[in-house]
Structures are given as C-alpha cells and as structure tokens.
Amino acid sequence: MTLRKTATPPMGWNSWDSYGTTVTEAEVLANAEYMAEHLLPHGWDTIVVDIDWADPTARSHGYNESAPLVIDEFGRVQPDPVRFPSAAGGAGFGPLAERIHELGLRFGIHIMRGIPRIAVDRDLPVLGVEATAASIADPSNACEWNPHYVGLDHGTPGAAAYYHSIADEYALWGVDFIKADDMLWPYQAAEIEALSTAIETAPREIALSLSPGRDLSAAHLEHLRENATMWRICDDLWDRWEDVEANFARLARWAPLAGPEGWPDADMLPLGRIGLRAERGEPREGALTLAERRTLVTLWVMARSPLMIGGDLPTSAPETIALFQNDDVLEILRDSTGNRELLRERDLVVWTAERGDTRWVAVFNTADEAREVPFDTRSLGLGPAPRAVLDVWSSESLPVEAVHEQSDTARSVAPGSSVVRVSLEPHGCVLLRA
C-alpha cells in the first residue's frame, strides 16, 4: 500500500491527556461513540489509543520499570487483554478497530521507537528472518524517558524486518493511524526511514505521526515530508498558558511549510475533562480559561495544525465541546492558504489566512490585561475599505469606520483607510472574516 498523506490536517481524539497509560477499551469506545454522534459531522474522524496499551500494570503519573509488557512470540507488543478484552486469544486490536470503523471513524495507536527490552532479554526470534531481538537491538540508543524500549541497529537486516513485522500486523488489525514516539528528540533519521518504509509496504494505507518534537529544526523538513504524514513541533503541551504562548513562535516558523506534503503538529488540545488518570495533575476541566481555550483553537486552526482532542469527550463541558463544532472556524483548517503571522509587537500578535476573495484575520492578546485596540484595516490585510467584517466566533459584525483625518480616536490609521476596533480579553483573541 502506501503511507497515507492527507489533503487536510488530521482531526481526532487521543487518550493521553485524560488517561495517560491506563485507558481501557470501554473508555475508548465511549469516546468513539461520542465522536461519531457529535463531532464526526464537523470533520473529527480519528480515535487514537496512546502509550503503554501492552502494560497490564499501567498506572497514572508515570511509567513502570521492568513492566511485564504483553508480547507475542516474535517480540511484538499486544494489547493487554484485561484492559482490552476483545484482544483476548491473539485478536490484537482487530475487534476494536472493526467496531470503530463501524462508527465511520478511523482507528489509531501509539507505538514506541525500537523494540521492547523484554523481547531483547528473552532473545525472541524476528518474524521472517534469521535474526533475534538481541541481535538487532541497539541498547546505546535507548529512549531517555520510557524504560520499556531500546533502539534498533539498522546496520543489520533483521532491524528492517522487525519494523515490517509490526507494520504488517497493525495493518491486519485495521490500524489507520500510527503515532510513533521517541522519533524526533533526538532526531532518529534511520528509525524514521525504516518505519516509514515498513508502512509503505504494509497491506493497508496508514498515516504516520512522529513525536515528541522538542527543539525540532525546519532543516529536517524534506526528510519529514518524505517519511511522515505529520510531525510534532513541540514537547507535550498541557493546560498551562505558558505552553500555549510558547507555540506562537513555533507555529509562525512552521505554518508556511504546512500542506498535503506533511503537517507540522502543535500537539494535542488539552481541552475538556482531562487528568482522569493521566501523567500530570488530577481530574479537571482543563486549567485554561475559556478565552485561552478559544485562543488555542484559533491559533492551531490558523496555522493548520492537526487537531487531536485530549479531553474525555462524554464528560467534557458543553462550552468546550462547542469549540469543536464551529464549522465556520474549522473551515479555515480545511480550506485556506497563505496561513502566516502578519504582526508581533509586544503583547499583540496577528495572523492571516485566505481563500479566494475571503480573508481571515486572528488578533491575539498575550497580555494578562484586557484591551481595546484600533487597527488600520490595511494592516490586517483587509484593504482600505472592507465592506463588512465578521467576528467568526460570535457571528457578530464589527463596525468599520472610514478615517478622514488623523486623530487619537483612530490612532495609527491614516486618512483614506478604515479602522476596526478590537476588544480582547486577557490571553484572548478575535477571529475576523472579510
């Protein structure tokens, strides 16, 4: 088959922010059913089971040393049949994927780079070749933060065979999306290429997402486009304003490079009911204010980042779910070009996007205080006299005033242009369309 490229950024749900390493089949299905009923009509179509689905001892707030991962005779991790009952008897994720497909959704899983340590310790055979786990492992290139895996030595032919064996198995299960972790920090070029090649030859089209993205340089752009569907541009993002604010600069760098060749990923949306059994924090409706949540969604959409919801959908607040159902906002993600930062001066940031004669402009306030700012419509890319300007989030029209003389009432706007006055909450934004 082929590694799946997507015409628009992927949109879905991921279990990490809510359940960390501990999500169960019942919880995955509850979120899938909610998505199918409430979010699929708005373009959300992917359900991803995040890390450590093979660990029967998984817990919140961290990883277990020497975890007894469930593996098969070829050293490939299998779903824990206690948390995923339909995987019993060697069925893997096949039955769960089938159920999610019946809902009209795609199914995804998280995997780690390399091979499980316990497969290496047992020196299990590699499917299809005369090699064993110990002979293809590279213990000098182990994950720094997850104790369960070591890298592969791609100077041995058995390493490629191992990746082919897992990609083929995932394809037979019905996996549509793989989030491969520990690939980008540090940048693991050989591992990325080997996994991408294995997916290319697997008997199912699969999208590949790479993580975690800390300190990722755009110097890797062409390699990423050749080998992945999407790639993270930051470390894990949580429900803290400083995490959101830090992505303004990253997205300004990466957004002009986004497109069907590959999507820079600003990480999951830590919105809704999170922390139920997660790596960080206790159960909560996200610590971001409603204005900050709207800013996050607006920035991600304007930059055309993939959108993966982290909150538990059935128990999230209605005002948060409403952020995911605004088709006028999501239209920018699906069908816009020229997405870029126009202005950044102290606490004001302005982004733009377009489609034909339509222009979108997002004005962000990164300050801790509310403010009202008069903007020259030309500075927003709207021309000297736009006929109408709509606030996309509120669906209300903003007045546009012609300026005939320079004055304090329209500071920084010269005669012959127009002014639009923008009211901004602390850490808030206004999304305009003209």
# chains A, B, ... in the order shown; residues from 1 in each chain; ligands from 1

call {"tool": "select_by_dssp", "arguments": {"residues": "range 112-269 of chain A", "states": "strand (DSSP E or B)", "output": "NGL selection string"}}
result
:A and (112 or 115-116 or 125 or 132 or 137-138 or 149-152 or 177-181 or 184 or 187 or 206-210 or 230-232 or 259 or 262-265 or 269)

call {"tool": "residues_around", "arguments": {"residues": "range 262-276 of chain A", "least_positions_apart": "5", "cutoff": "7 Å", "atoms": "only C-alpha atoms", "output": "ChimeraX atom specification"}}
result
/A:9,17-19,225,228-234,236-239,247,254,281-286,305-312,315-317,320

call {"tool": "closest_residue", "arguments": {"among": "A:His154, A:Arg113, A:Arg359, A:Arg280", "to": "Pro212 in chain A", "atoms": "only C-alpha atoms"}}
result
A:Arg113

call {"tool": "residues_around", "arguments": {"residues": "His223 in chain A", "least_positions_apart": "2", "cutoff": "12 Å", "atoms": "only C-alpha atoms", "output": "list of chain:residue names"}}
result
A:Leu184, A:Tyr187, A:Gln188, A:Ala189, A:Ala190, A:Ile192, A:Glu193, A:Ser196, A:Ser217, A:Ala218, A:Ala219, A:His220, A:Leu221, A:Arg225, A:Glu226, A:Asn227, A:Ala228, A:Thr229, A:Met230, A:Trp231, A:Glu261, A:Gly262

call {"tool": "closest_residue", "arguments": {"among": "A:Asp55, A:Glu319, A:Asp357, A:Glu292", "to": "Glu242 in chain A", "atoms": "only C-alpha atoms"}}
result
A:Glu292

call {"tool": "closest_residue", "arguments": {"among": "A:His42, A:Arg122, A:Ser15, A:Ile136", "to": "Leu330 in chain A", "atoms": "only C-alpha atoms"}}
result
A:His42

call {"tool": "select_by_dssp", "arguments": {"residues": "range 224-378 of chain A", "states": "alpha helix (DSSP H)", "output": "PyMOL selection string"}}
result
chain A and resi 224-227+241-254+290-302+318-323+327-334

call {"tool": "decode", "arguments": {"residues": "range 407-421 of chain A", "atoms": "all heavy atoms", "output": "mmCIF file, in the first residue's frame"}}
result
data_model
loop_
_atom_site.group_PDB
_atom_site.id
_atom_site.type_symbol
_atom_site.label_atom_id
_atom_site.label_comp_id
_atom_site.auth_asym_id
_atom_site.auth_seq_id
_atom_site.Cartn_x
_atom_site.Cartn_y
_atom_site.Cartn_z
ATOM 1 N N SER A 407 -6.338 61.221 14.094
ATOM 2 C CA SER A 407 -6.744 61.676 15.421
ATOM 3 C C SER A 407 -6.500 60.576 16.430
ATOM 4 O O SER A 407 -6.238 59.421 16.063
ATOM 5 C CB SER A 407 -8.224 62.056 15.429
ATOM 6 O OG SER A 407 -9.034 60.894 15.295
ATOM 7 N N ASP A 408 -6.654 60.930 17.716
ATOM 8 C CA ASP A 408 -6.465 59.942 18.769
ATOM 9 C C ASP A 408 -7.560 58.884 18.775
ATOM 10 O O ASP A 408 -7.376 57.814 19.352
ATOM 11 C CB ASP A 408 -6.420 60.639 20.136
ATOM 12 C CG ASP A 408 -5.085 61.319 20.393
ATOM 13 O OD1 ASP A 408 -4.118 61.001 19.666
ATOM 14 O OD2 ASP A 408 -5.019 62.164 21.300
ATOM 15 N N THR A 409 -8.717 59.169 18.181
ATOM 16 C CA THR A 409 -9.804 58.188 18.185
ATOM 17 C C THR A 409 -9.517 57.010 17.251
ATOM 18 O O THR A 409 -10.149 55.963 17.363
ATOM 19 C CB THR A 409 -11.141 58.839 17.784
ATOM 20 O OG1 THR A 409 -10.999 59.377 16.463
ATOM 21 C CG2 THR A 409 -11.517 59.942 18.760
ATOM 22 N N ALA A 410 -8.593 57.202 16.330
ATOM 23 C CA ALA A 410 -8.198 56.119 15.423
ATOM 24 C C ALA A 410 -6.689 56.154 15.277
ATOM 25 O O ALA A 410 -6.145 56.332 14.189
ATOM 26 C CB ALA A 410 -8.896 56.241 14.084
ATOM 27 N N ARG A 411 -6.010 56.009 16.375
ATOM 28 C CA ARG A 411 -4.551 56.108 16.380
ATOM 29 C C ARG A 411 -3.924 55.089 15.437
ATOM 30 O O ARG A 411 -4.371 53.952 15.366
ATOM 31 C CB ARG A 411 -4.006 55.894 17.787
ATOM 32 C CG ARG A 411 -4.319 57.016 18.747
ATOM 33 C CD ARG A 411 -3.514 56.875 20.019
ATOM 34 N NE ARG A 411 -2.079 57.017 19.757
ATOM 35 C CZ ARG A 411 -1.130 56.796 20.672
ATOM 36 N NH1 ARG A 411 -1.476 56.389 21.888
ATOM 37 N NH2 ARG A 411 0.145 56.946 20.377
ATOM 38 N N SER A 412 -2.918 55.535 14.715
ATOM 39 C CA SER A 412 -2.131 54.739 13.771
ATOM 40 C C SER A 412 -2.865 54.465 12.465
ATOM 41 O O SER A 412 -2.400 53.670 11.658
ATOM 42 C CB SER A 412 -1.691 53.404 14.391
ATOM 43 O OG SER A 412 -2.735 52.460 14.404
ATOM 44 N N VAL A 413 -4.004 55.118 12.238
ATOM 45 C CA VAL A 413 -4.749 54.929 10.992
ATOM 46 C C VAL A 413 -4.745 56.258 10.231
ATOM 47 O O VAL A 413 -5.214 57.285 10.734
ATOM 48 C CB VAL A 413 -6.197 54.481 11.243
ATOM 49 C CG1 VAL A 413 -6.898 54.171 9.919
ATOM 50 C CG2 VAL A 413 -6.213 53.249 12.143
ATOM 51 N N ALA A 414 -4.230 56.217 9.002
ATOM 52 C CA ALA A 414 -4.127 57.433 8.206
ATOM 53 C C ALA A 414 -5.427 57.699 7.448
ATOM 54 O O ALA A 414 -6.199 56.776 7.168
ATOM 55 C CB ALA A 414 -2.965 57.309 7.223
ATOM 56 N N PRO A 415 -5.697 58.961 7.115
ATOM 57 C CA PRO A 415 -6.866 59.270 6.279
ATOM 58 C C PRO A 415 -6.829 58.482 4.972
ATOM 59 O O PRO A 415 -5.773 58.257 4.386
ATOM 60 C CB PRO A 415 -6.714 60.772 6.030
ATOM 61 C CG PRO A 415 -5.919 61.272 7.190
ATOM 62 C CD PRO A 415 -4.957 60.158 7.517
ATOM 63 N N GLY A 416 -8.003 58.042 4.569
ATOM 64 C CA GLY A 416 -8.118 57.249 3.355
ATOM 65 C C GLY A 416 -8.235 55.768 3.617
ATOM 66 O O GLY A 416 -8.495 54.988 2.698
ATOM 67 N N SER A 417 -8.046 55.372 4.862
ATOM 68 C CA SER A 417 -8.218 53.970 5.233
ATOM 69 C C SER A 417 -9.411 53.851 6.170
ATOM 70 O O SER A 417 -10.241 54.759 6.281
ATOM 71 C CB SER A 417 -6.946 53.417 5.879
ATOM 72 O OG SER A 417 -7.047 52.011 6.050
ATOM 73 N N SER A 418 -9.505 52.701 6.855
ATOM 74 C CA SER A 418 -10.602 52.448 7.786
ATOM 75 C C SER A 418 -10.037 51.870 9.067
ATOM 76 O O SER A 418 -8.922 51.324 9.094
ATOM 77 C CB SER A 418 -11.614 51.459 7.193
ATOM 78 O OG SER A 418 -12.144 51.935 5.975
ATOM 79 N N VAL A 419 -10.835 51.983 10.122
ATOM 80 C CA VAL A 419 -10.428 51.429 11.401
ATOM 81 C C VAL A 419 -11.460 50.409 11.860
ATOM 82 O O VAL A 419 -12.667 50.589 11.664
ATOM 83 C CB VAL A 419 -10.265 52.544 12.465
ATOM 84 C CG1 VAL A 419 -11.588 53.256 12.745
ATOM 85 C CG2 VAL A 419 -9.695 51.976 13.762
ATOM 86 N N VAL A 420 -10.977 49.310 12.433
ATOM 87 C CA VAL A 420 -11.842 48.352 13.101
ATOM 88 C C VAL A 420 -11.316 48.225 14.519
ATOM 89 O O VAL A 420 -10.111 48.097 14.743
ATOM 90 C CB VAL A 420 -11.866 46.985 12.382
ATOM 91 C CG1 VAL A 420 -10.493 46.368 12.295
ATOM 92 C CG2 VAL A 420 -12.835 46.028 13.066
ATOM 93 N N ARG A 421 -12.214 48.313 15.496
ATOM 94 C CA ARG A 421 -11.819 48.307 16.903
ATOM 95 C C ARG A 421 -12.035 46.900 17.473
ATOM 96 O O ARG A 421 -13.126 46.346 17.377
ATOM 97 C CB ARG A 421 -12.619 49.343 17.681
ATOM 98 C CG ARG A 421 -12.475 50.746 17.105
ATOM 99 C CD ARG A 421 -13.272 51.795 17.871
ATOM 100 N NE ARG A 421 -13.338 53.024 17.110
ATOM 101 C CZ ARG A 421 -12.350 53.915 17.040
ATOM 102 N NH1 ARG A 421 -11.234 53.701 17.712
ATOM 103 N NH2 ARG A 421 -12.475 55.008 16.308
#
